[in-house]
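Visitor: Input: one structure, supplied below.
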Amino acid sequence: MNPSLFRFVKLWLVLFLVLLGPKPVRPAEPRVQILSPTSDARITQDQSTILVSGKVASQSARSSNVDIMLVLDTSGSTKDYSGADFAELSDLPPNYLHLPAQSSPQFSVSLGGRVVVGQPRYEQPPPINLRNSILAAEVVASRRLLTQLDPKTTRVGVITFSKDARLDQPLTHDFDEVHRLLVSIYKAGPNGGTNMVEGIRLGIKELHGLGASAKRTDAIKAMILLTDGAPSLPLGDGLRVNSADVALVINGARLAGKSGIKVHVFGLGEQALVHPEAAVGIAMESGGTYTPVHRPADVLALVENISVVGVEYIQIINQTTGQKATNLRLAADGFFSSAVPVVEGRNQIDVFARASDGTTGRDTVTIYYQSGTQKSLDLKVFLEKERKLKLEVERLGRSQAEIQRDVERSREDSLRRPSQLPPPAEGPPR
């Protein structure tokens, strides 16, 4: 064969094989489903705003079911001040922690100039009102998150950890029971060191249906971990951060990630931000997120920003009028609700969603509105709940934008901070 012809045939053969080869895979669009109102619904009510709700999820999600395990730090240091008084932010009752008496040695100088040590004096520290504590911030933030989730498709469980880990509530659709359980955790108060790895291990066990929680193979699985420090157990003494415990908990998070569980970590307060190695490592190894919160009380305004379904943003527009939805809320499990202004007659409402990988999805519904005398009770309940949620954040004394700027600065500092252990600690376990 002519050498030139041979090279030409060879080139075309290579191109042919390339064309037959695997095509680049485009990221799948997120799934968007408007659940209410249904298409072609005719709505007659007094308000010229309707409630639009639905569900979003990344295309990789096998179903709309979501399992979330709250993993809460109840170690001794969570008695510390959160930066706000939750008397106005919640219905938590006062809960006083009485600390043991502290001794201080008494010294005197004799006529001969000798220092004489007398009997120690015991002083009783004033009681601590846990309603202002980091533990209270964890409980109030968890309850706030709970009010936004959809109990039809979402289950929530609760694990607490201090010197060991405890399953306080298996995964359940009964959010009222979870709510009551969170109050009992607050009333029990803080105690012990920080055995973080046991909390994560127990979370893996429950989310995979290997413990007391019923198994759901099709559910999106996630942990939301709130902690004010770093691991000091089981290998350490419970009094200070231990590098072996840090490595142990990061390895536990790696196992969680490989089994399909993302761990979203909130580091609360100075100690958590000064020693962020464990929190950052947990988030990175599991594929979750890390949110540093300088003032622990601010977690109230941040916990709802988490998305366990891979969708981080939605927008709802009445294409007939060009008006956007008001009071739009996207929950961690992908459930969304909003108030959408409408006009008499036909209204086309579009919901756009953007996933964390940048892909977008859309769903559309057409409804027919007519002014009437009856009020929508569902809309009224939604707007009242939104009013209360916004008031909670306002009472923190800082705007959402201010809190978010603090988070971004703290996140950058945490990623730049060199790994170092604190000096030896004395006193009760932290």
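Convention: chains lettered A, B, ... in structure tokens order; per-chain residue numbering from 1; ligands numbered from 1 as shown.
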Excluding Ile204 in chain A and residues on its chain fewer than 3 positions from it, collect all residues at most 9 Å away from it, counting only C-alpha atoms, and give them as a ChimeraX atom specification.

Guide: /A:199-201,207-210,223,252,255-256,259,261

Visitor: For the selection just defined, write its residues with C-alpha atoms to a file, as a compact mmCIF listing (two decimals), in the first residue's frame.

Guide:
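Contents of out-v1.txt, as written:
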```txt
# COMPACT_ATOMS: atom_id res chain seq x y z
CA GLY A 199 -20.48 10.26 68.09
CA ILE A 200 -19.55 9.85 64.42
CA ARG A 201 -19.24 6.06 64.66
CA LEU A 207 -27.90 5.95 59.47
CA HIS A 208 -27.15 2.57 57.88
CA GLY A 209 -29.84 0.85 59.94
CA LEU A 210 -27.40 -1.25 61.97
CA MET A 223 -24.94 14.16 60.01
CA GLY A 252 -14.10 8.06 61.26
CA LEU A 255 -15.40 6.04 56.68
CA ALA A 256 -18.64 8.02 56.83
CA SER A 259 -20.33 4.91 53.00
CA ILE A 261 -22.72 9.97 54.63
```

Visitor: When you look at His173 in chain A with a cut-off of 12 Å (counting only C-alpha atoms), what residues show up, excluding the ones that are within fewer than 6 positions of it in the same chain? I need them as a PDB file with C-alpha atoms, in the first residue's frame.

Guide:
```pdb
ATOM      1  CA  ASN A  65     -36.227  10.562  51.375  1.00  0.00           C
ATOM      2  CA  VAL A  66     -33.706  12.166  53.727  1.00  0.00           C
ATOM      3  CA  ASP A  67     -32.218  10.916  57.021  1.00  0.00           C
ATOM      4  CA  ILE A  68     -30.475  13.490  59.240  1.00  0.00           C
ATOM      5  CA  LEU A 146     -36.503  20.923  62.787  1.00  0.00           C
ATOM      6  CA  LEU A 149     -37.946  20.042  57.525  1.00  0.00           C
ATOM      7  CA  ASP A 150     -40.662  17.906  55.928  1.00  0.00           C
ATOM      8  CA  PRO A 151     -41.667  15.051  58.276  1.00  0.00           C
ATOM      9  CA  LYS A 152     -43.365  13.176  55.409  1.00  0.00           C
ATOM     10  CA  THR A 153     -40.074  12.291  53.730  1.00  0.00           C
ATOM     11  CA  THR A 154     -37.435  13.260  56.317  1.00  0.00           C
ATOM     12  CA  ARG A 155     -36.398  11.414  59.471  1.00  0.00           C
ATOM     13  CA  VAL A 156     -34.324  12.993  62.230  1.00  0.00           C
ATOM     14  CA  GLY A 157     -32.375  11.348  65.056  1.00  0.00           C
ATOM     15  CA  HIS A 179     -38.411  18.477  70.014  1.00  0.00           C
ATOM     16  CA  SER A 213     -33.036   3.039  63.679  1.00  0.00           C
ATOM     17  CA  ALA A 214     -35.024   1.332  60.913  1.00  0.00           C
TER      18      ALA A 214
END
```

Visitor: Report the residues of range 190-302 of chain A whose backbone DSSP state falls under strand (DSSP E), written as a ChimeraX atom specification.

Guide: /A:220-227,261-268,290-293

Visitor: Could you write out the selected residues, including N, CA and C atoms, as a compact mmCIF listing (two decimals), in the first residue's frame?

Guide:
```txt
# COMPACT_ATOMS: atom_id res chain seq x y z
N ILE A 220 -31.14 9.85 51.34
CA ILE A 220 -29.93 10.65 51.44
C ILE A 220 -29.56 10.73 52.92
N LYS A 221 -28.30 10.48 53.25
CA LYS A 221 -27.89 10.37 54.65
C LYS A 221 -26.87 11.46 54.99
N ALA A 222 -27.07 12.08 56.16
CA ALA A 222 -26.16 13.14 56.58
C ALA A 222 -26.16 13.28 58.09
N MET A 223 -25.03 13.76 58.61
CA MET A 223 -24.94 14.16 60.01
C MET A 223 -24.73 15.67 60.07
N ILE A 224 -25.33 16.30 61.07
CA ILE A 224 -25.06 17.71 61.38
C ILE A 224 -24.47 17.73 62.77
N LEU A 225 -23.17 18.03 62.86
CA LEU A 225 -22.41 17.95 64.10
C LEU A 225 -22.14 19.35 64.63
N LEU A 226 -22.56 19.60 65.87
CA LEU A 226 -22.32 20.88 66.53
C LEU A 226 -21.39 20.65 67.72
N THR A 227 -20.26 21.37 67.73
CA THR A 227 -19.27 21.17 68.79
C THR A 227 -18.58 22.48 69.13
N ILE A 261 -22.21 9.04 53.61
CA ILE A 261 -22.72 9.97 54.63
C ILE A 261 -21.83 11.21 54.69
N LYS A 262 -22.41 12.37 54.47
CA LYS A 262 -21.68 13.62 54.62
C LYS A 262 -21.88 14.16 56.03
N VAL A 263 -20.80 14.70 56.59
CA VAL A 263 -20.87 15.28 57.94
C VAL A 263 -20.66 16.78 57.83
N HIS A 264 -21.69 17.54 58.19
CA HIS A 264 -21.62 19.01 58.17
C HIS A 264 -21.32 19.49 59.59
N VAL A 265 -20.21 20.20 59.76
CA VAL A 265 -19.70 20.54 61.09
C VAL A 265 -19.85 22.04 61.36
N PHE A 266 -20.36 22.35 62.55
CA PHE A 266 -20.38 23.72 63.05
C PHE A 266 -19.44 23.81 64.24
N GLY A 267 -18.38 24.60 64.11
CA GLY A 267 -17.44 24.84 65.21
C GLY A 267 -17.88 26.07 65.97
N LEU A 268 -18.22 25.91 67.25
CA LEU A 268 -18.83 26.98 68.02
C LEU A 268 -17.88 27.57 69.05
N TYR A 290 -17.86 22.86 56.52
CA TYR A 290 -17.35 23.34 57.80
C TYR A 290 -17.78 24.79 57.98
N THR A 291 -18.48 25.06 59.07
CA THR A 291 -18.95 26.42 59.35
C THR A 291 -18.42 26.86 60.71
N PRO A 292 -17.41 27.75 60.74
CA PRO A 292 -16.90 28.26 62.01
C PRO A 292 -17.78 29.41 62.51
N VAL A 293 -18.19 29.35 63.77
CA VAL A 293 -19.10 30.35 64.33
C VAL A 293 -18.42 30.99 65.53
```

Visitor: Using only C-alpha atoms, which residues sit within 6 Å of Ala339 in chain A once same-chain residues fewer than 4 positions away are excluded, as a PyMOL selection string?

Guide: chain A and resi 49-51+325-327

Visitor: With C-alpha atoms retained, write the just-selected residues as a PDB file, in the first residue's frame.

Guide:
```pdb
ATOM      1  CA  THR A  49     -50.516  35.821  47.356  1.00  0.00           C
ATOM      2  CA  ILE A  50     -50.497  32.025  47.198  1.00  0.00           C
ATOM      3  CA  LEU A  51     -48.377  29.420  48.979  1.00  0.00           C
ATOM      4  CA  ALA A 325     -41.601  35.091  45.547  1.00  0.00           C
ATOM      5  CA  THR A 326     -41.468  36.638  48.985  1.00  0.00           C
ATOM      6  CA  ASN A 327     -40.587  34.820  52.234  1.00  0.00           C
TER       7      ASN A 327
END
```

Visitor: Write out, as CSV, each residue of range 119-149 of chain A that has an atom at most 9 Å from range 70-76 of chain A, together with the closest pair of atoms and their distance in Å to one decimal, counting only C-alpha atoms, rows going by chain and rising number.

Guide:
```
residue,atom,partner,partner_atom,distance
A:Leu135,CA,A:Thr74,CA,6.5
A:Glu138,CA,A:Leu72,CA,7.0
A:Val139,CA,A:Leu72,CA,8.4
A:Ser142,CA,A:Leu70,CA,7.6
```

Visitor: Given the selection you just returned, output its residues as a file containing C-alpha atoms, formatted as a compact mmCIF listing (two decimals), in the first residue's frame.

Guide:
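Below is the file that was written, out.txt:
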```txt
# COMPACT_ATOMS: atom_id res chain seq x y z
CA LEU A 135 -25.43 23.86 74.93
CA GLU A 138 -27.05 23.86 70.06
CA VAL A 139 -30.52 22.90 71.27
CA SER A 142 -31.52 22.14 66.28
```
